[in-house]
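Source file model-v4.cif; content: mmCIF, C-alpha atoms and all ligand atoms.
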```cif
data_data
#
loop_
_atom_site.label_atom_id
_atom_site.label_comp_id
_atom_site.auth_asym_id
_atom_site.auth_seq_id
_atom_site.Cartn_x
_atom_site.Cartn_y
_atom_site.Cartn_z
CA MET A 251 104.66 125.80 93.24
CA SER A 252 108.05 125.39 91.54
CA ILE A 253 111.22 123.50 92.48
CA LEU A 254 114.73 123.90 91.10
CA ILE A 255 117.10 120.97 91.66
CA LYS A 256 120.59 122.33 91.00
CA ASN A 257 123.77 120.56 89.90
CA GLY A 258 122.55 116.99 90.37
CA ARG A 259 124.06 114.08 88.51
CA ILE A 260 121.06 113.08 86.40
CA ILE A 261 120.73 109.39 85.58
CA THR A 262 118.20 108.30 82.95
CA ALA A 263 117.81 105.10 80.94
CA ALA A 264 120.14 106.55 78.33
CA ASP A 265 122.16 109.40 79.87
CA ASP A 266 124.37 110.39 82.80
CA TYR A 267 125.17 114.11 83.13
CA VAL A 268 125.21 117.03 85.57
CA ALA A 269 122.50 119.68 85.14
CA ASP A 270 119.60 121.54 86.77
CA ILE A 271 115.99 120.36 86.75
CA PHE A 272 113.12 122.84 86.93
CA ILE A 273 109.72 121.53 88.07
CA GLU A 274 106.48 123.51 87.81
CA GLY A 275 103.51 121.94 89.54
CA GLU A 276 103.97 118.23 88.84
CA THR A 277 105.77 118.68 85.51
CA ILE A 278 109.48 118.83 84.71
CA SER A 279 109.50 121.84 82.42
CA ALA A 280 113.22 122.31 81.81
CA ILE A 281 116.52 120.45 82.18
CA GLY A 282 119.80 122.21 81.45
CA LYS A 283 123.04 123.69 82.78
CA ASN A 284 122.66 126.78 84.99
CA LEU A 285 118.95 127.30 84.24
CA PRO A 286 118.11 131.04 84.49
CA VAL A 287 114.90 130.56 86.49
CA GLN A 288 113.47 131.61 89.85
CA ALA A 289 111.88 128.83 91.91
CA ASP A 290 109.87 128.70 95.14
CA THR A 291 112.21 125.99 96.42
CA VAL A 292 115.84 125.43 95.44
CA ILE A 293 117.56 122.14 96.24
CA ASP A 294 121.34 121.90 95.92
CA ALA A 295 122.00 118.36 94.62
CA THR A 296 125.75 118.83 94.08
CA GLY A 297 127.47 115.45 94.38
CA LYS A 298 124.14 113.61 94.47
CA LEU A 299 122.43 111.26 92.00
CA VAL A 300 119.03 112.28 90.59
CA PHE A 301 116.93 109.37 89.29
CA PRO A 302 113.46 109.21 87.75
CA GLY A 303 110.94 107.84 90.28
CA GLY A 304 110.98 104.06 90.59
CA ILE A 305 107.95 101.87 89.88
CA ASP A 306 107.33 98.77 92.00
CA PRO A 307 104.83 96.71 90.00
CA HIS A 308 104.20 94.12 92.71
CA VAL A 309 102.95 95.08 96.17
CA HIS A 310 100.13 93.95 98.48
CA LEU A 311 98.95 96.78 100.72
CA ALA A 312 96.33 96.11 103.42
CA MET A 313 95.70 92.75 101.79
CA PRO A 314 93.18 90.52 103.58
CA PHE A 315 94.87 87.18 104.36
CA MET A 316 94.02 84.39 106.83
CA GLY A 317 91.89 86.62 109.00
CA THR A 318 94.39 89.46 109.12
CA PHE A 319 95.77 92.12 106.74
CA SER A 320 99.27 92.67 105.38
CA SER A 321 100.65 95.23 107.77
CA ASP A 322 101.37 98.16 105.46
CA THR A 323 98.34 100.26 104.59
CA HIS A 324 98.14 102.21 101.35
CA GLU A 325 99.38 105.22 103.30
CA THR A 326 102.34 103.63 105.12
CA GLY A 327 103.30 101.46 102.13
CA THR A 328 103.44 104.34 99.66
CA ARG A 329 105.21 106.53 102.23
CA ALA A 330 107.89 103.87 102.73
CA ALA A 331 108.21 103.49 98.95
CA LEU A 332 108.82 107.22 98.54
CA PHE A 333 111.64 107.07 101.09
CA GLY A 334 113.35 104.59 98.78
CA GLY A 335 112.73 106.66 95.64
CA THR A 336 109.82 104.52 94.44
CA THR A 337 107.10 106.96 93.43
CA THR A 338 104.59 104.49 91.97
CA VAL A 339 103.39 101.12 93.25
CA ILE A 340 101.00 98.67 91.60
CA ASP A 341 98.84 96.78 94.08
CA PHE A 342 96.73 93.67 93.47
CA VAL A 343 92.95 93.63 93.78
CA LEU A 344 91.85 90.08 94.71
CA GLN A 345 88.46 88.84 93.51
CA LYS A 346 86.72 86.55 96.00
CA GLN A 347 84.81 83.49 94.83
CA GLY A 348 81.39 84.59 93.58
CA GLN A 349 82.36 88.27 93.64
CA SER A 350 82.29 90.56 90.60
CA LEU A 351 85.50 92.30 89.53
CA LYS A 352 83.69 95.61 89.96
CA ASP A 353 82.91 94.88 93.62
CA ALA A 354 86.45 93.62 94.26
CA LEU A 355 87.85 96.85 92.80
CA ALA A 356 85.46 98.93 94.92
CA ASP A 357 86.69 97.06 98.00
CA TRP A 358 90.34 97.96 97.25
CA ASN A 359 89.45 101.53 96.29
CA SER A 360 87.74 101.96 99.65
CA ARG A 361 91.09 101.41 101.37
CA ALA A 362 93.34 103.17 98.86
CA ARG A 363 91.44 106.29 97.82
CA GLY A 364 92.47 109.39 99.69
CA THR A 365 95.05 107.57 101.80
CA THR A 366 97.99 106.97 99.46
CA VAL A 367 100.94 109.36 99.57
CA GLY A 368 102.57 108.29 96.28
CA ASP A 369 101.14 107.27 92.93
CA TYR A 370 99.45 103.89 92.62
CA SER A 371 97.60 101.63 90.25
CA PHE A 372 96.06 98.16 90.33
CA HIS A 373 96.37 94.77 88.74
CA ILE A 374 93.24 92.69 89.27
CA ALA A 375 93.41 89.01 90.23
CA VAL A 376 90.80 86.82 88.57
CA THR A 377 90.10 83.90 90.91
CA ASP A 378 86.62 83.00 89.64
CA PHE A 379 86.52 83.11 85.85
CA ASN A 380 82.99 82.54 84.54
CA GLU A 381 80.68 84.16 81.97
CA ASP A 382 79.96 87.12 84.27
CA THR A 383 83.65 87.74 84.93
CA LYS A 384 84.38 87.38 81.23
CA ALA A 385 81.95 90.21 80.45
CA GLU A 386 83.74 92.44 82.96
CA ILE A 387 87.19 92.21 81.34
CA LYS A 388 86.26 94.79 78.70
CA VAL A 389 84.86 97.09 81.40
CA MET A 390 88.06 96.85 83.45
CA VAL A 391 90.21 97.70 80.43
CA GLU A 392 88.07 100.42 78.89
CA GLU A 393 86.46 102.07 81.91
CA GLU A 394 88.78 101.40 84.83
CA GLY A 395 92.13 101.46 83.03
CA ILE A 396 93.15 98.09 84.46
CA THR A 397 94.87 96.05 81.78
CA SER A 398 96.73 93.34 83.70
CA PHE A 399 94.85 90.33 85.01
CA LYS A 400 96.60 88.23 87.66
CA THR A 401 96.06 84.50 87.93
CA PHE A 402 97.13 81.88 90.45
CA MET A 403 98.07 78.37 89.33
CA ALA A 404 98.43 77.52 93.06
CA TYR A 405 96.49 78.03 96.32
CA LYS A 406 94.09 75.22 95.48
CA GLY A 407 90.59 75.77 96.82
CA ALA A 408 91.17 79.49 97.36
CA LEU A 409 92.76 81.58 94.61
CA MET A 410 93.72 78.93 92.04
CA ILE A 411 92.09 78.75 88.62
CA ASP A 412 92.32 75.63 86.44
CA ASP A 413 93.64 75.47 82.88
CA ARG A 414 90.14 75.63 81.40
CA GLN A 415 89.59 78.97 83.12
CA MET A 416 93.09 80.12 82.20
CA ILE A 417 92.58 79.50 78.50
CA GLY A 418 89.19 81.23 78.55
CA LEU A 419 90.62 84.22 80.39
CA MET A 420 93.61 84.48 78.06
CA GLN A 421 91.38 84.50 74.99
CA GLU A 422 89.22 87.27 76.40
CA VAL A 423 92.12 89.35 77.71
CA LYS A 424 93.88 89.11 74.36
CA LYS A 425 90.69 90.28 72.65
CA GLN A 426 90.49 93.31 74.94
CA GLY A 427 94.16 94.23 74.57
CA GLY A 428 95.32 93.30 78.06
CA MET A 429 97.90 91.00 79.62
CA VAL A 430 97.63 87.94 81.88
CA THR A 431 100.07 87.71 84.76
CA VAL A 432 100.62 84.59 86.81
CA HIS A 433 101.78 83.09 90.07
CA ALA A 434 103.21 80.06 88.30
CA THR A 435 103.49 77.06 90.58
CA ASN A 436 101.71 73.70 90.29
CA GLY A 437 98.91 73.93 92.86
CA ASP A 438 97.98 70.24 92.76
CA VAL A 439 101.51 69.03 93.49
CA ILE A 440 101.93 71.60 96.26
CA ASP A 441 98.56 70.61 97.72
CA TYR A 442 99.66 66.96 97.77
CA LEU A 443 103.05 67.67 99.35
CA THR A 444 101.58 70.01 101.95
CA ALA A 445 99.02 67.38 103.00
CA LYS A 446 101.70 64.68 103.09
CA HIS A 447 104.06 66.73 105.27
CA ARG A 448 101.20 67.74 107.51
CA SER A 449 100.12 64.11 108.01
CA GLU A 450 103.70 63.26 108.97
CA GLY A 451 103.77 66.09 111.52
CA LYS A 452 106.38 67.98 109.52
CA LEU A 453 105.29 71.53 110.16
CA THR A 454 108.39 73.66 110.59
CA PRO A 455 109.08 76.50 108.11
CA LEU A 456 111.52 74.21 106.27
CA TYR A 457 108.51 72.18 105.08
CA HIS A 458 106.97 75.31 103.59
CA TYR A 459 110.01 75.24 101.33
CA LEU A 460 110.03 71.47 100.77
CA SER A 461 106.33 71.54 99.81
CA GLN A 462 107.07 73.85 96.86
CA PRO A 463 110.07 72.31 95.08
CA GLU A 464 111.60 73.89 92.01
CA VAL A 465 109.81 71.49 89.66
CA THR A 466 106.42 72.92 90.68
CA GLU A 467 107.49 76.33 89.44
CA ALA A 468 109.31 75.08 86.36
CA GLU A 469 106.33 72.99 85.24
CA ALA A 470 103.76 75.74 85.77
CA SER A 471 105.94 78.37 84.07
CA GLY A 472 106.21 76.12 81.01
CA ARG A 473 102.48 75.33 81.00
CA PHE A 474 101.60 79.01 81.34
CA SER A 475 103.96 79.93 78.50
CA ASP A 476 102.43 77.20 76.31
CA MET A 477 98.90 78.46 76.94
CA ALA A 478 99.96 82.07 76.30
CA ASP A 479 101.59 80.95 73.06
CA TYR A 480 98.50 79.01 71.99
CA THR A 481 96.11 81.88 72.69
CA GLY A 482 98.48 84.64 71.58
CA CYS A 483 97.85 86.46 74.85
CA PRO A 484 100.72 88.53 76.30
CA GLY A 485 101.99 86.73 79.43
CA TYR A 486 103.95 87.93 82.46
CA ILE A 487 105.28 85.62 85.17
CA VAL A 488 105.52 87.32 88.57
CA HIS A 489 108.14 86.63 91.25
CA MET A 490 110.19 84.03 89.39
CA THR A 491 112.65 82.34 91.74
CA CYS A 492 114.53 79.54 90.02
CA GLU A 493 116.63 78.14 87.21
CA GLY A 494 114.01 75.59 86.10
CA ALA A 495 111.32 78.24 85.59
CA LEU A 496 113.73 80.51 83.74
CA ASN A 497 114.67 77.61 81.47
CA ALA A 498 110.98 77.14 80.64
CA VAL A 499 110.88 80.74 79.44
CA ARG A 500 114.19 80.30 77.62
CA HIS A 501 112.54 77.37 75.82
CA ALA A 502 109.58 79.59 74.85
CA THR A 503 111.93 82.09 73.22
CA ARG A 504 113.05 79.37 70.80
CA ARG A 505 109.67 79.65 69.08
CA ASN A 506 110.07 83.46 69.12
CA GLN A 507 107.60 83.84 71.96
CA LYS A 508 108.02 86.76 74.34
CA VAL A 509 107.15 85.97 77.96
CA PHE A 510 107.73 88.80 80.41
CA VAL A 511 109.50 87.79 83.62
CA GLU A 512 109.69 89.49 86.98
CA THR A 513 111.88 88.44 89.88
CA CYS A 514 112.13 89.99 93.32
CA ILE A 515 115.08 91.30 95.29
CA GLN A 516 114.81 88.64 98.00
CA TYR A 517 115.30 85.83 95.45
CA LEU A 518 118.47 87.49 94.21
CA VAL A 519 120.12 87.90 97.60
CA LEU A 520 118.69 85.32 100.08
CA ASP A 521 118.60 81.53 99.92
CA ALA A 522 116.75 78.57 101.44
CA SER A 523 119.35 77.87 104.12
CA LEU A 524 117.41 80.43 106.18
CA TYR A 525 114.67 77.82 106.65
CA GLU A 526 117.03 75.43 108.45
CA GLN A 527 116.06 76.60 111.91
CA ASN A 528 112.98 76.32 114.07
CA PHE A 529 110.12 78.75 113.91
CA GLU A 530 112.56 81.64 113.47
CA GLY A 531 112.62 80.56 109.79
CA ALA A 532 109.04 81.83 109.50
CA LYS A 533 110.52 85.31 108.99
CA TRP A 534 111.43 84.19 105.47
CA VAL A 535 108.27 82.23 104.69
CA MET A 536 106.94 83.48 101.36
CA SER A 537 105.52 81.83 98.24
CA PRO A 538 107.30 80.76 96.18
CA PRO A 539 109.96 80.14 98.83
CA LEU A 540 113.60 81.21 98.70
CA ARG A 541 115.69 78.85 96.56
CA GLU A 542 119.32 77.77 96.21
CA LYS A 543 122.49 79.71 95.43
CA LYS A 544 122.50 78.28 91.88
CA ASP A 545 119.06 79.81 91.34
CA GLN A 546 120.35 83.25 92.35
CA GLN A 547 123.08 82.89 89.74
CA SER A 548 120.51 81.91 87.10
CA LEU A 549 118.32 84.91 87.90
CA TRP A 550 121.25 87.34 87.71
CA ALA A 551 122.23 85.77 84.39
CA GLY A 552 118.60 86.06 83.25
CA ILE A 553 118.69 89.80 83.98
CA ASN A 554 121.91 90.19 82.02
CA GLN A 555 120.50 88.15 79.14
CA GLY A 556 117.26 90.17 78.97
CA LEU A 557 115.12 87.17 79.93
CA VAL A 558 114.16 88.87 83.21
CA GLN A 559 112.89 92.38 82.56
CA VAL A 560 111.52 93.43 85.93
CA VAL A 561 112.82 93.42 89.51
CA ALA A 562 110.00 94.03 91.99
CA THR A 563 109.50 93.45 95.73
CA ASP A 564 106.23 91.49 96.21
CA HIS A 565 106.05 93.70 99.30
CA CYS A 566 103.46 91.96 101.50
CA PRO A 567 104.61 92.50 105.08
CA PHE A 568 103.39 90.72 108.18
CA MET A 569 104.51 91.61 111.69
CA TRP A 570 106.12 88.91 113.83
CA GLU A 571 102.92 88.72 115.91
CA GLN A 572 101.07 87.85 112.70
CA LYS A 573 103.70 85.26 111.73
CA LEU A 574 103.15 83.64 115.12
CA MET A 575 99.66 82.69 113.94
CA GLY A 576 101.44 80.12 111.78
CA ARG A 577 102.93 78.54 114.88
CA MET A 578 99.50 78.33 116.44
CA ILE A 579 98.17 76.61 113.33
CA SER A 580 101.16 74.21 113.37
CA ARG A 581 100.35 73.37 116.96
CA LYS A 582 96.74 72.68 116.07
CA PHE A 583 97.68 70.28 113.30
CA ARG A 584 100.25 68.47 115.43
CA THR A 585 97.91 67.85 118.34
CA GLY A 586 94.56 67.87 116.60
CA ILE A 587 93.47 70.30 119.29
CA GLN A 588 92.58 73.95 118.80
CA PRO A 589 95.27 76.11 120.47
CA SER A 590 92.65 77.99 122.45
CA LYS A 591 91.42 74.73 124.00
CA ILE A 592 94.78 73.77 125.45
CA GLY A 593 95.56 77.13 126.98
CA TRP A 594 98.40 77.62 124.52
CA ASN A 595 99.74 81.07 123.88
CA CYS A 596 102.46 82.43 121.67
CA SER A 597 104.95 83.20 124.42
CA THR A 598 104.89 79.73 125.96
CA ALA A 599 105.19 77.58 122.84
CA ARG A 600 108.61 76.00 122.52
CA GLY A 601 110.28 72.89 121.26
CA PHE A 602 109.07 72.33 117.75
CA THR A 603 110.67 69.37 116.07
CA LYS A 604 113.71 70.53 114.19
CA ALA A 605 113.43 69.29 110.65
CA THR A 606 116.67 67.76 109.52
CA SER A 607 115.90 65.93 106.29
CA ARG A 608 115.62 67.59 102.93
ZN ZN B 701 102.51 88.92 95.33
#
```
Could I get this file's structure written as structure tokens?
Ligand SMILES: [Zn+2]
Amino acid sequence: MSILIKNGRIITAADDYVADIFIEGETISAIGKNLPVQADTVIDATGKLVFPGGIDPHVHLAMPFMGTFSSDTHETGTRAALFGGTTTVIDFVLQKQGQSLKDALADWNSRARGTTVGDYSFHIAVTDFNEDTKAEIKVMVEEEGITSFKTFMAYKGALMIDDRQMIGLMQEVKKQGGMVTVHATNGDVIDYLTAKHRSEGKLTPLYHYLSQPEVTEAEASGRFSDMADYTGCPGYIVHMTCEGALNAVRHATRRNQKVFVETCIQYLVLDASLYEQNFEGAKWVMSPPLREKKDQQSLWAGINQGLVQVVATDHCPFMWEQKLMGRMISRKFRTGIQPSKIGWNCSTARGFTKATSR
């Protein structure tokens, strides 16, 4: 099987020129002007841009969450990615408490193997770091080819690891030649604010945002950078959203530390004003939440300054019907009654208190 792409405007990291590309099997075997070759398929790309395939290093396909799954499977997610020119995605395996990394990986492989349309790889999230997990880091790196270990400094009681575990993991990952990545927000502060807002009956999507203020991300990004510096472990902060967190990384560069930073498209183009409506704002509920206009400016500046190296998606879609589960949970907390016991259903719920304070 061979393909000849003729007369495309080829864009690479270094060049921009018009030429032909000849592909045999899955390998580009020649690039040049007017290539004298015969191909099974010829594509006329005159007037079109030809890019290398994109890599999205942050997606969650068929991810188990709150009794449901993110709505893109490995098949539909990679198919959608290909339509946008993204030929590789990196998904996150999530270890459950008490589970081995090997079993967690097998769980994800059972959904991904044989179903993906594009190329894929995995990061693995370490949520239960103990002596058994520690022994598996080497196996993941050397036998499974997984070199990036995701951590959560938030989601207390579920995914979060404490600093003791973080330091231990960093030391082991450094030893095995890997990298630690992080969801950097202060889980204890968020846990406190969430409980406080809940007790006050403040349950609209705006309070999702107000429970995760910028300082929670700035503090955790600094703490993570400090621990990475202390251990010498390569560190990568996923989905950075705000000026304060970027400043923490800027501070780390003053001691010649390199911290890799990823942001996501939504943080560059959307802002928190979208939460200032009733449950409709749930469409933009994500963690960390959208921030302010000034944070968008900081992130764009960070890209230009080389402080932000990666733009990803954190693609983790939920259908509106799945988002409505959040409204049911809100109802339960407001009344203290299970939705099912009061005959409540999604289509009849109305009139949530509009949150007006910030
Ligand atoms: Zn994510």
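Among the candidates A:Tyr370, A:Phe315, A:Tyr517, A:Phe379, the one nearest to Cys566 (chain A) when counting only C-alpha atoms is A:Phe315.
What separates CA of Met536 (chain A) from CA of Met429 (chain A) is a distance of 24.7 Å.
Residues within 8 Å of Asp369 (chain A), counting all atoms listed in the file and excluding same-chain residues fewer than 2 positions away, are Thr328, Thr337, Thr338, Val339, Thr366, Val367 and Ser371 of chain A.
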Practice item. Can you tell me which residues come within 8 Å of ligand ZN 701 (chain B) when counting only C-alpha atoms and all ligand atoms, ideally as number ranges by chain? Key: A: 308-310, 342, 433, 488-489, 564-566
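Checking A:Thr513, A:Thr262, A:Thr563, A:Thr454 one by one against Glu530 (chain A), counting all atoms listed in the file, you find the shortest gap at A:Thr454.
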Review point. Excluding same-chain residues fewer than 6 positions from Lys508 (chain A), what lies within 12 Å of it counting all atoms listed in the file, as a count of residues only?
Key: 19
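If you measure from each of A:Gly334, A:Ile374, A:Arg259, A:Gly428 to Glu392 (chain A) using only C-alpha atoms, the closest one turns out to be A:Gly428.
For the choices A:Lys298, A:Arg329, A:Lys573, A:Lys400, the atom-to-atom distance to Leu311 (chain A) is smallest for A:Arg329 when using all atoms listed in the file.
Pairwise distance (CA of Ile396 (chain A), CA of Ala495 (chain A)) equals 26.9 Å.
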Point to revise | Residue nearest Gly437 (chain A) - candidates A:Ala404, A:Leu456, A:Val423, A:Val519, atoms counted: only C-alpha atoms | key: A:Ala404
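The coordinates place CA of Ala312 (chain A) at 25.5 Å from CA of Leu518 (chain A).
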